[in-house]
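Asker: Just passing along the structure, written as structure tokens.
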Amino acid sequence: MRAGAESHGLWAARLEVVGELASLINTTFDLDEIFRTAIEKLQRVLEFRRASVVLVSEDRKTYYLHTLWDSARGGFSPEERTYPIERGLTGQAIQTGEAMRVDSFEGTQGIRTGEEKRVSALIVPLHVGGEVIGTLNLGAQESETYSDDDLELAVLLGRQIATSLYYSKLLATIARQREELAREHAHVSSERKRLESLIDASDAAIMMVSEEHVAYANNPMADLLGLPREVILGAPLEEINRVLARSFAEPADLTAQVSALQRGAGSLRDRVEFHFPRRLVCQRTVATVRGSDGEVLGHLVLYRDITREAELEAAKSEFVSLVSHELRTPLTSVKTSLNLLLRGAAGALSEKIRELLEIALRNLDRLIRLVDDLLDLTRIESGRVVTKLVPISVKEAATRAVDALAGFAEDREVRIELEESSAATLVMGDADRLQQVIINLLSNAVKFSPAGGRVGLRWWEQGNQAVLEISDQGPGIPTEQLEAVFDKFRQLERAATRKYGGAGLGLAISRSIVEQFGGHLWAESDKGEGSRFFVRLRIARERPEDLVAAPPVAAGLRSVVLVERDPDLQRLFQAHFEEEGWEVFVTSRGTKALGRVREGGVGLIVTGLELEDMHGLEFLQRLRGSPASVDIPALLMGPGGDAAQAVAYGADGWIVGDADALVTEANRLLSAPRRRVVLLIEDDPAVRTGLARGLRRAGYACLEAASGEAGLEMARERAPDLVLTDVQVPGVDGLVVLRRLRGDPDLADVPAIVITGHPVQDVAEAIESLQAQFLSKPFGTATVLREVDRLIGPQSER
């Protein structure tokens with residue numbers, strides 16, 4: 001091997017071995033096969049007694065024999081040994097990364113045979129990815145066996161082995177990742193199937209939306225939409241929305257859903273009604289679906305059929321409303337009678353009797369408040385309370401609430417401190433409702449404060465919102481209960497109901513009212529250190545226009561027409577009005593009351609809902625149909641009424657039936673400005689009714705005429721503040737009506753609006769020549785009200 005190794009034939013043989021190993025590496029990545037074949041082929045061109053491939057452990061603390069060939073042991077040996085990483089020449093080569101030719105050294109007992117004295121070796125590090133992961137070791141039984149060419153050949157073979165190791169590790173990694181992906185895929189598929197099974201087993205209609213398409217829908221969703229499931233899956237969301245637009249009872253329900261889905265991370269929880277393909281009520285939930293990294297994957301849309309629950313809820317509410325209604329009338333009679341007795345209506349009272357009457361009244365008031373809360377709650381939950389938001393003074397509402405609770409606080413020995421803000425804050429809301437909220441919060445604060453305690457009331461402006469705070473020195477509320485206190489019929493402890501009284505409705509009602517204003521009501525507290533309730537409302541930047549001061553009330557107008565079927569209530573309310581100095585005309589028949597109003601000299605009308613000859617709303621319609629009584633203040637009275645409906649029919653308000661509240665409201669109305677009168681001339685009954693009710697809800701009195709002649713007659717009998725007429729009305733058309741009005745000195749300056757379906761250019765010149773404004777069809781009631789407000793308003797809520 002010394003001189004002969006340099007021969008051309010030997011190099012050719014060595015190159016042939018290198019080529020064969022390269023071919024082998026390209027056809028297989030089995031390390032055992034590559035290592036064994038490389039050692040066998042290497043014997044043809046290189047002398048060695050022992051050859052091995054050593055690999056480094058993963059923690060790089062040791063190395064171990066992977067493949068071993070030893071001629072003294074008959075060839076390949078299954079020997080398994082592990083050595084510390086720093087041990088021997090192999091450890092040195094691993095740590096330095098340099099190939100080594102060792103001409104003479106004493107081999108270890110495990111390497112050297114009995115006859116061998118000095119041996120030689122080639123040790124070649126195997127580099128993969130810039131790191132030594134093992135070595136190729138060749139050992140001869142004599143010293144100085146190897147030359148530099150031999151080392152070069154070993155290094156070349158080591159590189160090929162390292163390449164095979166690299167690809168083997170790469171393939172092993174790929175195979176491992178493939179197996180992991182397969183397991184993950186199987187797990188995900190299993191979870192998906194399980195989830196789909198759960199969703200399909202659900203009675204709720206469920207749809208998964210992703211990238212504007214339906215990613216999944218269960219069978220109940222297909223039934224709800226009236227479409228085959230195969231059609232829904234993968235369908236564009238736009239197509240599903242077109243189906244829903246025909247299915248929802250209210251078109252606005254689709255708008256809310258589309259908005260929640262377009263917000264990306266939006267959510268929605270509400271109640272909707274379907275009328276196609278069948279009628280039902282559903283609880284709707286739109287929720288965002290996120291991945292493990294928080295990324296939005298899509299949205300889940302769920303409809304749960306709650307038709308039965310809704311029916312039961314409606315029946316329950318109706319029952320509560322009916323019972324409350326039936327309780328309110330006798331309770332009012334009892335309270336009114338007790339009040340009259342206390343005032344000496346039946347003669348002088350001894351101190352003992354007076355004390356007993358006062359105890360009865362206090363407890364009766366508690367019962368009436370409970371009944372009122374139940375009625376209020378049923379109206380709010382049924383959606384019958386429609387509030388028009390107008391600018392109102394926080395200071396005025398707060399002051400009235402404090403005044404209303406002064407006696408209650410004094411009895412409890414609690415001081416209410418009103419910290420007035422320097423800002424004359426106006427917020428958007430309803431004055432009576434805001435006062436009700438403040439009273440509820442203050443009364444709770446007083447109830448839960450100890451004797452000698454203090455209740456604070458203050459407010460401030462924060463950006464475009466106003467924040468009102470009511471604080472107490474009571475026991476406080478646990479953090480986990482801060483939201484629960486706003487639930488219906490909720491007291492923190494049963495003992496609280498016995499100690500402090502109440503049914504737990506005040507806060508639920510107050511939050512509903514504040515939310516109707518577009519505001520927010522919440523609580524903060526530290527247990528044992530009192531509670532703080534906050535009301536946040538939108539600030540009204542523009543003040544309402546000052547109303548024209550009402551003329552002094554003539555003595556003859558301090559008279560009231562009281563229309564009530566119940567004879568007990570007749571006597572009680574009459575006594576209350578007369579005690580306040582009112583002249584009272586009492587009747588149980590609507591026709592008789594209308595006759596009295598026509599005689600004149602009536603300042604106020606109070607009517608119950610059920611009269612002997614007609615309903616209270618019909619009475620209001622007849623009352624408002626006459627120019628002489630179109631704007632006489634009128635109140636509907638009785639439990640269970642609908643204030644919004646009452647106003648739409650022409651009432652100035654609705655009173656539950658409390659005699660003191662009734663007289664107080666009567667005095668306020670009599671001294672307040674009269675409603676401005678709008679004369680509406682329109683022959684289409686549906687359009688006329690819709691516009692008239694919209695005008696009344698906006699605070700205007702409305703005269704209705706179905707023809708031009710009738711409108712002219714009404715205008716001459718009672719000059720309106722504004723005329724609203726269609727161009728095409730029977731008989732005298734709208735333009736002729738305006739010409740005649742302009743020719744009358746008493747009516748020449750009355751503002752007018754003309755409704756026209758003609759092209760604007762055909763009638764604009766004629767309308768403008770009559771100093772009138774015009775509105776083109778089609779239009780909404782809100783458009784008309786904006787124009788009316790611009791000309792003679794805005795009209796303030798009474």
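Chain labels run A, B, ... following the order of the structure tokens; each chain numbers its residues from 1, and ligands are numbered from 1 in the order shown.
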Give me the residues within 12 Å of A:Ser57 as a PDB file with N, CA, C and O atoms, in the first residue's frame, counting only C-alpha atoms and dropping any in the same chain fewer than 2 places off.
Answerer:
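Result went into result.pdb, see below:
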```pdb
ATOM      1  N   VAL A  54     -19.684   6.401  14.282  1.00  0.00           N
ATOM      2  CA  VAL A  54     -20.067   6.834  15.620  1.00  0.00           C
ATOM      3  C   VAL A  54     -20.984   8.051  15.496  1.00  0.00           C
ATOM      4  O   VAL A  54     -20.721   8.957  14.695  1.00  0.00           O
ATOM      5  N   LEU A  55     -22.069   8.093  16.265  1.00  0.00           N
ATOM      6  CA  LEU A  55     -23.002   9.223  16.235  1.00  0.00           C
ATOM      7  C   LEU A  55     -23.096   9.863  17.631  1.00  0.00           C
ATOM      8  O   LEU A  55     -22.988   9.171  18.653  1.00  0.00           O
ATOM      9  N   ASP A  59     -28.395  15.129  23.266  1.00  0.00           N
ATOM     10  CA  ASP A  59     -27.996  16.107  24.278  1.00  0.00           C
ATOM     11  C   ASP A  59     -26.514  16.483  24.175  1.00  0.00           C
ATOM     12  O   ASP A  59     -26.022  17.310  24.944  1.00  0.00           O
ATOM     13  N   ARG A  60     -25.791  15.833  23.222  1.00  0.00           N
ATOM     14  CA  ARG A  60     -24.374  16.124  22.934  1.00  0.00           C
ATOM     15  C   ARG A  60     -23.485  15.942  24.166  1.00  0.00           C
ATOM     16  O   ARG A  60     -22.442  16.584  24.309  1.00  0.00           O
ATOM     17  N   LYS A  61     -23.887  15.035  25.005  1.00  0.00           N
ATOM     18  CA  LYS A  61     -23.056  14.718  26.172  1.00  0.00           C
ATOM     19  C   LYS A  61     -22.288  13.414  25.975  1.00  0.00           C
ATOM     20  O   LYS A  61     -21.304  13.148  26.662  1.00  0.00           O
ATOM     21  N   THR A  62     -22.764  12.581  25.032  1.00  0.00           N
ATOM     22  CA  THR A  62     -22.138  11.287  24.783  1.00  0.00           C
ATOM     23  C   THR A  62     -22.099  11.010  23.287  1.00  0.00           C
ATOM     24  O   THR A  62     -22.726  11.700  22.492  1.00  0.00           O
ATOM     25  N   TYR A  63     -21.333   9.952  22.932  1.00  0.00           N
ATOM     26  CA  TYR A  63     -21.414   9.414  21.570  1.00  0.00           C
ATOM     27  C   TYR A  63     -21.508   7.905  21.683  1.00  0.00           C
ATOM     28  O   TYR A  63     -21.124   7.306  22.700  1.00  0.00           O
ATOM     29  N   TYR A  64     -22.040   7.289  20.612  1.00  0.00           N
ATOM     30  CA  TYR A  64     -22.289   5.840  20.684  1.00  0.00           C
ATOM     31  C   TYR A  64     -21.992   5.214  19.325  1.00  0.00           C
ATOM     32  O   TYR A  64     -21.984   5.879  18.279  1.00  0.00           O
ATOM     33  N   LEU A  65     -21.707   3.857  19.324  1.00  0.00           N
ATOM     34  CA  LEU A  65     -21.457   3.095  18.109  1.00  0.00           C
ATOM     35  C   LEU A  65     -22.776   2.846  17.381  1.00  0.00           C
ATOM     36  O   LEU A  65     -23.709   2.280  17.954  1.00  0.00           O
ATOM     37  N   HIS A  66     -22.827   3.289  16.133  1.00  0.00           N
ATOM     38  CA  HIS A  66     -24.009   2.996  15.336  1.00  0.00           C
ATOM     39  C   HIS A  66     -23.778   1.741  14.479  1.00  0.00           C
ATOM     40  O   HIS A  66     -24.643   0.858  14.397  1.00  0.00           O
ATOM     41  N   ARG A  81     -22.255   0.540  22.606  1.00  0.00           N
ATOM     42  CA  ARG A  81     -21.505   1.183  23.671  1.00  0.00           C
ATOM     43  C   ARG A  81     -21.725   2.691  23.610  1.00  0.00           C
ATOM     44  O   ARG A  81     -21.909   3.250  22.535  1.00  0.00           O
ATOM     45  N   THR A  82     -21.647   3.325  24.781  1.00  0.00           N
ATOM     46  CA  THR A  82     -21.799   4.773  24.873  1.00  0.00           C
ATOM     47  C   THR A  82     -20.620   5.331  25.641  1.00  0.00           C
ATOM     48  O   THR A  82     -20.181   4.745  26.656  1.00  0.00           O
ATOM     49  N   TYR A  83     -20.064   6.453  25.156  1.00  0.00           N
ATOM     50  CA  TYR A  83     -18.868   7.054  25.752  1.00  0.00           C
ATOM     51  C   TYR A  83     -19.114   8.537  26.019  1.00  0.00           C
ATOM     52  O   TYR A  83     -19.857   9.209  25.283  1.00  0.00           O
ATOM     53  N   PRO A  84     -18.463   9.084  27.020  1.00  0.00           N
ATOM     54  CA  PRO A  84     -18.551  10.538  27.252  1.00  0.00           C
ATOM     55  C   PRO A  84     -18.020  11.300  26.039  1.00  0.00           C
ATOM     56  O   PRO A  84     -17.096  10.841  25.357  1.00  0.00           O
ATOM     57  N   ILE A  85     -18.573  12.453  25.742  1.00  0.00           N
ATOM     58  CA  ILE A  85     -18.269  13.203  24.535  1.00  0.00           C
ATOM     59  C   ILE A  85     -16.796  13.601  24.440  1.00  0.00           C
ATOM     60  O   ILE A  85     -16.252  13.751  23.351  1.00  0.00           O
ATOM     61  N   ILE A  94     -14.629  15.022  17.432  1.00  0.00           N
ATOM     62  CA  ILE A  94     -15.988  15.587  17.516  1.00  0.00           C
ATOM     63  C   ILE A  94     -15.925  17.025  17.993  1.00  0.00           C
ATOM     64  O   ILE A  94     -16.597  17.914  17.473  1.00  0.00           O
ATOM     65  N   VAL A 132     -20.948  18.856  14.051  1.00  0.00           N
ATOM     66  CA  VAL A 132     -20.433  17.485  14.000  1.00  0.00           C
ATOM     67  C   VAL A 132     -21.438  16.569  14.685  1.00  0.00           C
ATOM     68  O   VAL A 132     -21.750  16.756  15.872  1.00  0.00           O
ATOM     69  N   ILE A 133     -21.958  15.607  13.924  1.00  0.00           N
ATOM     70  CA  ILE A 133     -22.954  14.706  14.501  1.00  0.00           C
ATOM     71  C   ILE A 133     -22.415  13.291  14.665  1.00  0.00           C
ATOM     72  O   ILE A 133     -23.133  12.390  15.100  1.00  0.00           O
ATOM     73  N   GLY A 134     -21.136  13.086  14.294  1.00  0.00           N
ATOM     74  CA  GLY A 134     -20.543  11.765  14.437  1.00  0.00           C
ATOM     75  C   GLY A 134     -19.186  11.714  13.768  1.00  0.00           C
ATOM     76  O   GLY A 134     -18.642  12.736  13.327  1.00  0.00           O
TER      77      GLY A 134
END
```
Asker: Can you list, as a count of residues only, every protein, DNA or RNA residue that comes within 7 Å of A:Gly234 when you count only C-alpha atoms, leaving out same-chain residues fewer than 3 positions away?
Answerer: 3
Asker: Can you pull out every residue within 6 Å of stretch 716-728 of chain A, counting only C-alpha atoms, but drop anything in the same chain fewer than 5 positions away, and send it as an NGL selection string?
Answerer: :A and (627 or 676-682 or 733-734 or 750-756)
Asker: So which residues touch A:Gly590 within 12 Å, counting only C-alpha atoms, skipping near sequence neighbours fewer than 5 positions away, as a list of chain:residue names?
Answerer: A:Val561, A:Leu562, A:Val563, A:Glu564, A:Arg565, A:Gly595, A:Arg596, A:Val597, A:Ile605, A:Val606, A:Thr607, A:Gly608, A:Leu609, A:Glu610, A:Leu611, A:Glu612, A:Asp613, A:Met614, A:His615, A:Gly616, A:Leu617, A:Glu618, A:Phe619, A:Leu620, A:Gln621, A:Arg622, A:Leu623
Asker: Which neighbours of A:Ser510 fall inside 8 Å, counting only C-alpha atoms, when residues of the same chain fewer than 3 positions from it are skipped, and could you give them as a PyMOL selection string?
Answerer: chain A and resi 436-437+440+506-507+513-514+521
Asker: Could you write out, as a ChimeraX atom specification, all the residues of stretch 138-316 of chain A that DSSP marks as alpha helix (DSSP H)?
Answerer: /A:148-201,219-225,229-232,237-247,252-262,307-316
Asker: Write out as a short mmCIF file (atom, residue, chain, number, x, y, z; two decimals) with C-alpha atoms, in the first residue's frame all residues of stretch 329-432 of chain A that backbone DSSP assigns to strand (DSSP E or B).
Answerer:
```cif
data_model
loop_
_atom_site.label_atom_id
_atom_site.label_comp_id
_atom_site.auth_asym_id
_atom_site.auth_seq_id
_atom_site.Cartn_x
_atom_site.Cartn_y
_atom_site.Cartn_z
CA VAL A 390 -86.00 66.06 24.03
CA PRO A 391 -83.50 68.34 25.80
CA ILE A 392 -84.21 68.31 29.56
CA SER A 393 -82.46 69.88 32.54
CA ARG A 415 -79.53 63.49 54.78
CA ILE A 416 -79.67 63.96 50.98
CA GLU A 417 -76.96 66.34 49.80
CA LEU A 418 -77.44 67.81 46.33
CA GLU A 419 -74.12 69.00 44.97
CA LEU A 426 -79.16 69.53 29.34
CA VAL A 427 -79.45 65.87 28.31
CA MET A 428 -81.58 64.01 25.79
CA GLY A 429 -84.36 62.17 27.57
#
```
Asker: Could you list, as a list in words, every residue within 12 Å of A:Leu68, counting only C-alpha atoms and ignoring same-chain residues fewer than 4 positions away?
Answerer: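 Near A:Leu68, the qualifying residues are Asp32, Phe35, Arg36, Ala38, Ile39, Glu40, Arg49, Arg50, Ala51, Ser52, Val53, Val54, Leu55, Tyr64, Ala72, Arg73, Gly74, Gly75, Phe76, Ser77, Pro78, Glu79, Glu80, Arg81, Ile111, Leu136, Asn137, Leu138 and Gly139 of chain A.
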Asker: With only C-alpha atoms as the counted atoms, please give the residues lying no more than 8 Å from A:Phe448, apart from itself and same-chain residues fewer than 2 positions off, as JSON, numbers by chain.
Answerer: {"A": [444, 445, 446, 450, 472, 473, 474, 475, 500]}
Asker: Give the answer as one residue: which of A:Arg269, A:Arg278, A:Lys41, A:Arg101 has the shortest atom-to-atom distance to A:Leu157, using only C-alpha atoms?
Answerer: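 Smallest distance to A:Leu157 is found for A:Lys41.
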Asker: Could you tell me which of A:Met100, A:Val729, A:Val414, A:Leu312 comes closest to A:Ser443 if we count only C-alpha atoms?
Answerer: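 Going through A:Met100, A:Val729, A:Val414, A:Leu312 one by one, the smallest distance to A:Ser443 is for A:Val414.
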Asker: For A:Val371, which residue among A:Val656, A:Ala484, A:Leu233, A:Leu405 is the nearest when counting only C-alpha atoms?
Answerer: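 With only C-alpha atoms as the atom set, the closest residue is A:Val656.
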Asker: Out of A:Ala666, A:Asp293, A:Tyr700, A:Arg786, which residue has the shortest atom-to-atom distance to A:Glu580 when counting only C-alpha atoms?
Answerer: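 That would be A:Ala666, the residue with the smallest distance to A:Glu580.
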